[in-house]
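The next block holds one structure in the form of structure tokens; read it before the comments.
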Amino acid sequence: MKAAVVTDFSKPMEIQEREIPRPDVQQVLVRMEASGLCHTDIHAAAGDWPVKPNPPFIPGHEGIGVVEAKGDRVDHVEIGDRVAIAWLGQACGHCDHCVSGWETLCLEQENSGYSVDGSFSEYAVAHGDYVVKVPDGIDPLDAAPLTCAGVTTYKAVKVSGAAPGKRALISGIGGLGHLALQYARIAGAETIAVDVTDEKLQLARDLGADHIIDARTQDVVEETRKVGGADVAIGLAVSNASFQAAYGSLRRGGTLVLVALPAEGKLELPVFETVLEGKRVIGSIVGTREDLAEVFHLHALGRTRVIREQRALDQVNESIADILAGRVAARIVFDFVDRRAEH
Ligand code: NAD
Ligand code: ZN
Ligand code: ZN
């Protein structure tokens, strides 16, 4: 099978021919149909974070495909089911986090495309308990971005407290942000979209943002204060300056949710202001299997739009360059079905 492999943090990914993996008793073998390229894969390939993956590894954690084989102890997923392989590859299932609905905080978790091989390959194995079924009627090319960008921002909006009567600032309208904007609107909030490219600002307008701020030419804090300040700010841009601006945009009692993970990510927190103004700063990491099921359900109801462009896995390195240069629709999705038809 063909796979995109990180062999070294300082080199481009290699397209390699690999053996199709065999599922163990608890795993399923998934024949990939689509896999989204998340900015996290770019951080993984560059070794940006304090906890690093071990090359060689296969990135990818927005994998959608069909179960082709399964281990003896997998019984709630059938051969032929369409499933999603998400960042939460598996968790222990019995620690306090797992049993209280916070499996995403489990200390024993494995992460697809990071601690274990992910979905940038024609086939992947995944734990049968942690794949999430994709409902009929959802295009696999839409399901892919929903599997990380969707579930992550759905959860971030949930924990942010966005609601009718609240104003939510979405910082960064990329893969994650274009979905965050939609979930904040579904939650009933007035929305402020911030980005640094004309295309993304136009996309935010098209998706119904109430206010638009161009962080290249406008002062985010000042512009947000003009409309009354943000009750909620969600940090999705890979930029420390954007976190600082999002914090500064908060009203009294406001909440900043940190989601983006720049290399050496830092936010300076003024204690006096934070205390006297009752501000909250929280981190949010992906979402649970249940959150993803809810994300798919909302999409099946027609409440969300996934903005994406299809590419072939061979284009992985140029795709990364295009994302870093801001030259892409919100999400790039590798399409495995078209490719196979050509061979
Ligand atoms: P992306 O590259 O698709 O989107 C980033 C967007 O931010 C782009 O539209 C870009 O134009 C915009 N931007 C850049 N500088 C800006 C600035 N100063 N102000 C406002 N906007 C700015 O990336 P993505 O795939 O959406 O991922 C974003 C980040 O979220 C990455 O760091 C990724 O690793 C992280 N992430 C976190 C989680 C989590 O669970 N916490 C999950 C997935 C991704
Ligand atoms: Zn991701
Ligand atoms: Zn656990």
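Residue names in the structure tokens use chain letters A, B, ... in the order shown, residue numbers from 1 in each chain, and ligand numbers from 1 in the order shown.
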
**OP:** Around ligand 3, at most 10 Å away and counting only C-alpha atoms and all ligand atoms, which residues are there? Put them as a ChimeraX atom specification, please.
**Re:** /A:90-109

**OP:** Apply DSSP to the backbone of this structure and, from segment 46-186 of chain A, keep only the residues in helix (DSSP H, G or I); write these as number ranges by chain.
**Re:** A: 46, 96-99, 103-105, 140-160, 177-186

Subject >> Pick from A:Ile323, A:Ala168, A:Ala162, A:Ala189 nearest to ligand 1, counting only C-alpha atoms and all ligand atoms >> reply: A:Ile323

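The shell of residues at most 7 Å from segment 36-47 of chain A, with only C-alpha atoms counted and near chain neighbours (fewer than 2 positions) removed, consists of Val6, Phe9, Ser10, Ala34, Trp49, Lys52, Pro53, Pro59, Gly60, Glu62, Gly63, Tyr114, Ala144, Pro145, Ile320, Arg331, Ile332, Val333 and Phe334 of chain A.
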
The selected residues should be written to file as a tab-separated table (two decimals), in the first residue's frame (atoms: C-alpha atoms).
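Okay, this is what ended up in part.tsv:
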```
chain	number	residue	atom	x	y	z
A	6	VAL	CA	7.77	11.18	8.11
A	9	PHE	CA	11.69	16.19	11.15
A	10	SER	CA	13.89	18.24	8.83
A	34	ALA	CA	-10.45	10.17	2.45
A	49	TRP	CA	5.97	20.11	20.16
A	52	LYS	CA	7.57	14.32	19.84
A	53	PRO	CA	6.55	11.38	17.69
A	59	PRO	CA	0.66	11.03	10.11
A	60	GLY	CA	-3.08	11.59	9.62
A	62	GLU	CA	-8.97	12.61	9.89
A	63	GLY	CA	-9.20	9.19	8.25
A	114	TYR	CA	1.48	10.63	16.20
A	144	ALA	CA	-12.76	13.67	7.06
A	145	PRO	CA	-12.45	17.31	8.20
A	320	ILE	CA	1.71	21.56	3.46
A	331	ARG	CA	-9.21	22.11	4.44
A	332	ILE	CA	-7.22	19.89	2.07
A	333	VAL	CA	-8.56	16.33	1.90
A	334	PHE	CA	-6.61	13.49	0.32
```

Using only C-alpha atoms and all ligand atoms, I'd like a table of the residues in chain A that come within 7 Å of ligand 1; for each, show the closest atom pair and its distance in Å rounded to one decimal, ordered by chain and ascending number, as a Markdown table.
```
| residue | atom | partner | partner_atom_place_in_ligand_line | distance |
| --- | --- | --- | --- | --- |
| A:Cys38 | CA | ligand 1 | 25 (O) | 4.2 |
| A:His39 | CA | ligand 1 | 25 (O) | 3.8 |
| A:Thr40 | CA | ligand 1 | 34 (O) | 3.5 |
| A:His43 | CA | ligand 1 | 34 (O) | 6.3 |
| A:Cys148 | CA | ligand 1 | 43 (C) | 5.8 |
| A:Ala149 | CA | ligand 1 | 43 (C) | 5.8 |
| A:Thr152 | CA | ligand 1 | 40 (O) | 5.2 |
| A:Ser171 | CA | ligand 1 | 20 (C) | 4.9 |
| A:Gly172 | CA | ligand 1 | 21 (N) | 3.5 |
| A:Ile173 | CA | ligand 1 | 9 (O) | 4.4 |
| A:Gly174 | CA | ligand 1 | 4 (O) | 3.4 |
| A:Gly175 | CA | ligand 1 | 26 (O) | 3.8 |
| A:Leu176 | CA | ligand 1 | 26 (O) | 3.7 |
| A:Gly177 | CA | ligand 1 | 26 (O) | 5.7 |
| A:Val194 | CA | ligand 1 | 20 (C) | 5.0 |
| A:Asp195 | CA | ligand 1 | 21 (N) | 3.6 |
| A:Val196 | CA | ligand 1 | 11 (O) | 5.1 |
| A:Thr197 | CA | ligand 1 | 11 (O) | 5.5 |
| A:Lys200 | CA | ligand 1 | 9 (O) | 5.9 |
| A:Ala215 | CA | ligand 1 | 19 (N) | 5.5 |
| A:Leu236 | CA | ligand 1 | 28 (C) | 4.9 |
| A:Ala237 | CA | ligand 1 | 7 (O) | 3.7 |
| A:Val238 | CA | ligand 1 | 32 (O) | 4.8 |
| A:Ser239 | CA | ligand 1 | 18 (N) | 5.5 |
| A:Ala241 | CA | ligand 1 | 18 (N) | 6.2 |
| A:Ser242 | CA | ligand 1 | 18 (N) | 4.7 |
| A:Val259 | CA | ligand 1 | 41 (N) | 3.9 |
| A:Ala260 | CA | ligand 1 | 30 (O) | 3.4 |
| A:Leu261 | CA | ligand 1 | 32 (O) | 3.8 |
| A:Pro262 | CA | ligand 1 | 32 (O) | 5.1 |
| A:Ser284 | CA | ligand 1 | 41 (N) | 5.3 |
| A:Ile285 | CA | ligand 1 | 40 (O) | 3.4 |
| A:Val286 | CA | ligand 1 | 40 (O) | 3.5 |
| A:Ile323 | CA | ligand 1 | 2 (O) | 5.7 |
| A:Leu324 | CA | ligand 1 | 2 (O) | 6.4 |
| A:Gly326 | CA | ligand 1 | 11 (O) | 5.5 |
| A:Ala330 | CA | ligand 1 | 3 (O) | 5.9 |
| A:Arg331 | CA | ligand 1 | 3 (O) | 6.2 |
```

**OP:** Mind the document's chain letters and residue numbers, and return as an NGL selection string the residues of segment 98-298 of chain A that DSSP labels strand (DSSP E).
**Re:** :A and (110-111 or 123-127 or 132-133 or 167-171 or 190-195 or 211-214 or 230-235 or 250-258 or 280-283)

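Near Arg289 of chain A, within 7 Å and counting only C-alpha atoms, sit A:Val132, A:Leu292, A:Ala293; same-chain residues fewer than 3 positions away were not included.
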
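Put simply, atom CA of Gln16 of chain A is 28.6 Å away from atom CA of Lys133 of chain A.
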
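Using only C-alpha atoms and all ligand atoms for every distance, the candidate list A:Gly287, A:Gly208, A:Glu223, A:Gly128 yields A:Gly287 as the residue closest to ligand 2.
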
Original post:
Nearest to Lys155 of chain A among A:Ala233, A:Val77, A:Ala143, A:Val257, with distances taken over only C-alpha atoms: which residue is it?
Top reply: A:Val257

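The two atoms in question, atom CA of Pro55 of chain A and atom CA of Asp117 of chain A, are spaced 10.1 Å apart.
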
**OP:** Could you give me, as a PyMOL selection string, the residues within 12 Å of Lys226 of chain A, counting only C-alpha atoms and dropping anything in the same chain fewer than 4 positions from it?
**Re:** chain A and resi 192+211+213+219-222+230+249-251

**OP:** Pick out the residues sitting within 8 Å of segment 71-75 of chain A, and hand them over as a PyMOL selection string; count only C-alpha atoms, and ignore anything fewer than 5 positions along from it in its own chain.
**Re:** chain A and resi 23-28+128-129

Near Thr7 of chain A, counting only C-alpha atoms, which residues have an atom at most 7 Å away, once you skip same-chain residues fewer than 4 positions from it, shown as a JSON list (two decimals) with C-alpha atoms, in the first residue's frame?
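So the final result, stored in part_31.json, reads:
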```json
[["chain", "number", "residue", "atom", "x", "y", "z"],
["A", 13, "MET", "CA", 7.57, 13.37, 3.80],
["A", 55, "PRO", "CA", 10.08, 8.73, 12.95],
["A", 56, "PRO", "CA", 9.45, 6.82, 10.83],
["A", 57, "PHE", "CA", 5.71, 7.29, 11.30]]
```

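Proximity ranking of A:Ser121, A:Ile58, A:Asp335, A:Ile85 relative to Ile20 of chain A places A:Ser121 first, based on only C-alpha atoms.
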
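Candidate residues A:Ile15, A:Val83, A:Val157, A:Ala312 were compared for distance to Ala124 of chain A, and the nearest is A:Val83, using only C-alpha atoms.
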